[in-house]
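Student: Right, I'll just put the structure down here and ask away after.
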Amino acid sequence: MAQYLLSVWHDEEYVVDFSGEEMQRLGAQVGAFNEELTAAGAWVFGGGLQPASSATVLRGDNGSVSMTDGPYAETKEQMGGLWVIEAADLDAALDWAAKAAAACGRPIEVRPTHA
């Protein structure tokens with residue numbers, strides 16, 4: 001089985017408010033998706049991310065490392081969460097990604113990992 005990264009994307013203004021009715025609904029849907037992944041033996045890891053503004057970037061150059069605050073990429077769209085799954089092939093991973101997109105209501109990018 002190969003492993004795939006399913007990353008969840010949203011714009012930088014997207015606010016996660018777990019007390020809101022919409023987030024409660026989406027949270028339940030994502031929880032059910034996570035249970036389905038686990039039951040199928042496809043779950044490896046998953047989680048939501050804090051806002052991109054909370055990121056720290058480290059860069060290595062000729063043996064020295066510099067550190068800066070903020071996201072690596074200055075873009076309007078940011079990764080907000082992820083799953084690492086195991087799937088037989090890309091088609092199976094895309095099937096899981098379609099379920100993930102339906103569960104969380106956000107775009108999902110699928111990328112295979114190196115074997």
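Starting from 1 in every chain, residues are counted up; chains themselves are A, B, ... following the order of the structure tokens, and ligands are numbered from 1 as listed.
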Using only C-alpha atoms, which residues sit within 10 Å of stretch 88-90 of chain A once same-chain residues fewer than 4 positions away are excluded, as a VMD selection string?
Tutor: chain A and resid 1 to 4 42 94 to 96 110 to 112
Student: I need the residues from that last selection saved to file as a tab-separated table (two decimals), in the first residue's frame (with N, CA and C atoms), if you can.
Tutor:
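Okay, selection02.tsv is ready:
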chain	number	residue	atom	x	y	z
A	1	MET	N	0.84	-1.19	0.00
A	1	MET	CA	0.00	0.00	0.00
A	1	MET	C	0.88	1.24	0.00
A	2	ALA	N	0.48	2.20	-0.78
A	2	ALA	CA	1.19	3.48	-0.84
A	2	ALA	C	0.57	4.45	0.15
A	3	GLN	N	1.33	5.47	0.53
A	3	GLN	CA	0.80	6.51	1.39
A	3	GLN	C	0.60	7.79	0.58
A	4	TYR	N	-0.44	8.54	0.96
A	4	TYR	CA	-0.81	9.77	0.28
A	4	TYR	C	-1.11	10.85	1.32
A	42	ALA	N	-7.16	2.54	6.49
A	42	ALA	CA	-6.48	3.52	5.66
A	42	ALA	C	-5.87	4.67	6.47
A	94	LEU	N	-7.87	9.03	-4.40
A	94	LEU	CA	-8.79	10.06	-4.89
A	94	LEU	C	-10.21	9.81	-4.39
A	95	ASP	N	-10.60	8.55	-4.27
A	95	ASP	CA	-11.91	8.23	-3.70
A	95	ASP	C	-11.99	8.72	-2.26
A	96	TRP	N	-10.93	8.48	-1.47
A	96	TRP	CA	-10.91	8.97	-0.09
A	96	TRP	C	-10.92	10.50	-0.07
A	110	VAL	N	-4.28	16.03	-3.23
A	110	VAL	CA	-3.78	14.66	-3.02
A	110	VAL	C	-2.36	14.59	-3.58
A	111	ARG	N	-1.43	14.11	-2.74
A	111	ARG	CA	-0.04	13.94	-3.19
A	111	ARG	C	0.50	12.63	-2.66
A	112	PRO	N	1.07	11.83	-3.57
A	112	PRO	CA	1.70	10.59	-3.09
A	112	PRO	C	3.00	10.92	-2.38
Student: DSSP on the backbone: which residues in stretch 55-115 of chain A end up as strand (DSSP E)? Give the answer as JSON, numbers by chain.
Tutor: {"A": [56, 57, 58, 59, 60, 61, 64, 65, 66, 67, 68, 69, 77, 78, 79, 80, 81, 82, 83, 84, 85, 86, 87, 108, 109, 110, 111, 112]}
Student: Per DSSP on the backbone, filter chain A down to the residues in helix (DSSP H, G or I) and report them as a PyMOL selection string.
Tutor: chain A and resi 21-39+52-54+90-104
Student: Emit the selected residues as a compact mmCIF listing (two decimals), in the first residue's frame, including N, CA, C and O atoms.
Tutor:
# COMPACT_ATOMS: atom_id res chain seq x y z
N GLU A 21 -22.40 26.76 14.81
CA GLU A 21 -23.25 25.67 14.33
C GLU A 21 -22.66 24.98 13.10
O GLU A 21 -22.65 23.76 12.99
N GLU A 22 -22.14 25.78 12.16
CA GLU A 22 -21.55 25.23 10.94
C GLU A 22 -20.34 24.35 11.26
O GLU A 22 -20.18 23.27 10.71
N MET A 23 -19.47 24.83 12.16
CA MET A 23 -18.29 24.04 12.52
C MET A 23 -18.69 22.78 13.29
O MET A 23 -18.01 21.76 13.16
N GLN A 24 -19.73 22.83 14.06
CA GLN A 24 -20.21 21.64 14.76
C GLN A 24 -20.64 20.58 13.74
O GLN A 24 -20.32 19.41 13.88
N ARG A 25 -21.35 21.03 12.71
CA ARG A 25 -21.80 20.11 11.66
C ARG A 25 -20.61 19.54 10.89
O ARG A 25 -20.52 18.32 10.70
N LEU A 26 -19.68 20.41 10.49
CA LEU A 26 -18.51 19.94 9.76
C LEU A 26 -17.64 19.04 10.62
O LEU A 26 -17.11 18.03 10.15
N GLY A 27 -17.50 19.38 11.90
CA GLY A 27 -16.71 18.56 12.81
C GLY A 27 -17.27 17.15 12.93
O GLY A 27 -16.52 16.17 12.95
N ALA A 28 -18.59 17.04 12.98
CA ALA A 28 -19.23 15.72 13.05
C ALA A 28 -18.98 14.94 11.76
O ALA A 28 -18.71 13.73 11.79
N GLN A 29 -19.08 15.63 10.63
CA GLN A 29 -18.84 14.97 9.34
C GLN A 29 -17.40 14.49 9.22
O GLN A 29 -17.13 13.37 8.76
N VAL A 30 -16.45 15.32 9.64
CA VAL A 30 -15.04 14.94 9.58
C VAL A 30 -14.77 13.79 10.56
O VAL A 30 -14.03 12.86 10.24
N GLY A 31 -15.38 13.84 11.71
CA GLY A 31 -15.24 12.74 12.67
C GLY A 31 -15.73 11.42 12.09
O GLY A 31 -15.08 10.37 12.25
N ALA A 32 -16.86 11.44 11.41
CA ALA A 32 -17.39 10.23 10.77
C ALA A 32 -16.44 9.76 9.66
O ALA A 32 -16.21 8.55 9.50
N PHE A 33 -15.88 10.69 8.90
CA PHE A 33 -14.90 10.34 7.86
C PHE A 33 -13.68 9.69 8.49
O PHE A 33 -13.18 8.66 8.01
N ASN A 34 -13.18 10.26 9.59
CA ASN A 34 -12.03 9.68 10.28
C ASN A 34 -12.32 8.27 10.75
O ASN A 34 -11.46 7.38 10.66
N GLU A 35 -13.52 8.04 11.26
CA GLU A 35 -13.91 6.69 11.70
C GLU A 35 -13.95 5.73 10.52
O GLU A 35 -13.53 4.57 10.64
N GLU A 36 -14.43 6.19 9.37
CA GLU A 36 -14.48 5.35 8.18
C GLU A 36 -13.06 5.00 7.72
O GLU A 36 -12.78 3.85 7.36
N LEU A 37 -12.17 5.98 7.71
CA LEU A 37 -10.77 5.73 7.35
C LEU A 37 -10.15 4.68 8.28
O LEU A 37 -9.48 3.76 7.82
N THR A 38 -10.39 4.84 9.56
CA THR A 38 -9.83 3.93 10.56
C THR A 38 -10.38 2.52 10.37
O THR A 38 -9.62 1.54 10.36
N ALA A 39 -11.69 2.40 10.20
CA ALA A 39 -12.31 1.09 10.03
C ALA A 39 -11.80 0.38 8.78
O ALA A 39 -11.69 -0.86 8.77
N ALA A 52 -1.96 29.94 9.68
CA ALA A 52 -0.64 30.06 9.07
C ALA A 52 0.20 31.13 9.74
O ALA A 52 1.43 31.05 9.77
N SER A 53 -0.44 32.12 10.34
CA SER A 53 0.30 33.18 11.03
C SER A 53 1.05 32.65 12.24
O SER A 53 1.98 33.30 12.74
N SER A 54 0.71 31.45 12.73
CA SER A 54 1.40 30.86 13.88
C SER A 54 2.65 30.09 13.48
O SER A 54 3.38 29.60 14.34
N LEU A 90 -3.53 5.46 -6.66
CA LEU A 90 -4.01 6.84 -6.73
C LEU A 90 -5.52 6.91 -6.84
O LEU A 90 -6.15 7.77 -6.21
N ASP A 91 -6.13 6.02 -7.60
CA ASP A 91 -7.59 6.06 -7.72
C ASP A 91 -8.27 5.87 -6.36
O ASP A 91 -9.24 6.55 -6.04
N ALA A 92 -7.75 4.95 -5.55
CA ALA A 92 -8.32 4.73 -4.22
C ALA A 92 -8.10 5.97 -3.34
O ALA A 92 -8.99 6.37 -2.58
N ALA A 93 -6.92 6.59 -3.46
CA ALA A 93 -6.65 7.81 -2.69
C ALA A 93 -7.59 8.94 -3.11
O ALA A 93 -8.08 9.70 -2.27
N LEU A 94 -7.87 9.03 -4.40
CA LEU A 94 -8.79 10.06 -4.89
C LEU A 94 -10.21 9.81 -4.39
O LEU A 94 -10.94 10.76 -4.11
N ASP A 95 -10.60 8.55 -4.27
CA ASP A 95 -11.91 8.23 -3.70
C ASP A 95 -11.99 8.72 -2.26
O ASP A 95 -12.99 9.32 -1.85
N TRP A 96 -10.93 8.48 -1.47
CA TRP A 96 -10.91 8.97 -0.09
C TRP A 96 -10.92 10.50 -0.07
O TRP A 96 -11.60 11.11 0.76
N ALA A 97 -10.18 11.12 -0.97
CA ALA A 97 -10.13 12.58 -1.02
C ALA A 97 -11.50 13.18 -1.34
O ALA A 97 -11.86 14.23 -0.80
N ALA A 98 -12.25 12.52 -2.20
CA ALA A 98 -13.61 13.01 -2.51
C ALA A 98 -14.48 12.97 -1.26
O ALA A 98 -15.24 13.91 -0.99
N LYS A 99 -14.34 11.92 -0.47
CA LYS A 99 -15.09 11.83 0.79
C LYS A 99 -14.62 12.90 1.77
O LYS A 99 -15.43 13.47 2.50
N ALA A 100 -13.31 13.16 1.80
CA ALA A 100 -12.77 14.19 2.69
C ALA A 100 -13.31 15.56 2.31
O ALA A 100 -13.71 16.36 3.17
N ALA A 101 -13.34 15.86 1.01
CA ALA A 101 -13.84 17.16 0.54
C ALA A 101 -15.31 17.33 0.90
O ALA A 101 -15.74 18.41 1.31
N ALA A 102 -16.09 16.26 0.75
CA ALA A 102 -17.50 16.32 1.11
C ALA A 102 -17.67 16.52 2.62
O ALA A 102 -18.55 17.27 3.05
N ALA A 103 -16.80 15.88 3.40
CA ALA A 103 -16.92 15.97 4.86
C ALA A 103 -16.56 17.35 5.39
O ALA A 103 -17.26 17.89 6.25
N CYS A 104 -15.48 17.94 4.88
CA CYS A 104 -15.02 19.20 5.46
C CYS A 104 -15.43 20.43 4.64
O CYS A 104 -15.24 21.55 5.09
Student: When you look at A:Gly47 with a cut-off of 10 Å (counting only C-alpha atoms), what residues show up, excluding the ones that are within fewer than 3 positions of it in the same chain? I need them as a ChimeraX atom specification.
Tutor: /A:7-8,50,80-84
Student: Produce a file of the selected residues containing C-alpha atoms, as a compact mmCIF listing (two decimals), in the first residue's frame.
Tutor:
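Just written: part02.txt:
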# COMPACT_ATOMS: atom_id res chain seq x y z
CA SER A 7 -4.21 18.38 2.49
CA VAL A 8 -7.13 20.68 3.30
CA GLN A 50 -3.41 26.43 13.71
CA GLY A 80 -5.49 24.14 7.22
CA GLY A 81 -5.27 20.43 7.95
CA LEU A 82 -4.13 17.10 6.65
CA TRP A 83 -4.51 13.37 6.55
CA VAL A 84 -1.85 10.82 5.70
Student: What is the distance between atom CA of A:Glu13 and atom CA of A:Lys76, in Å to one decimal?
Tutor: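 Distance reported for this atom pair: 8.2 Å.
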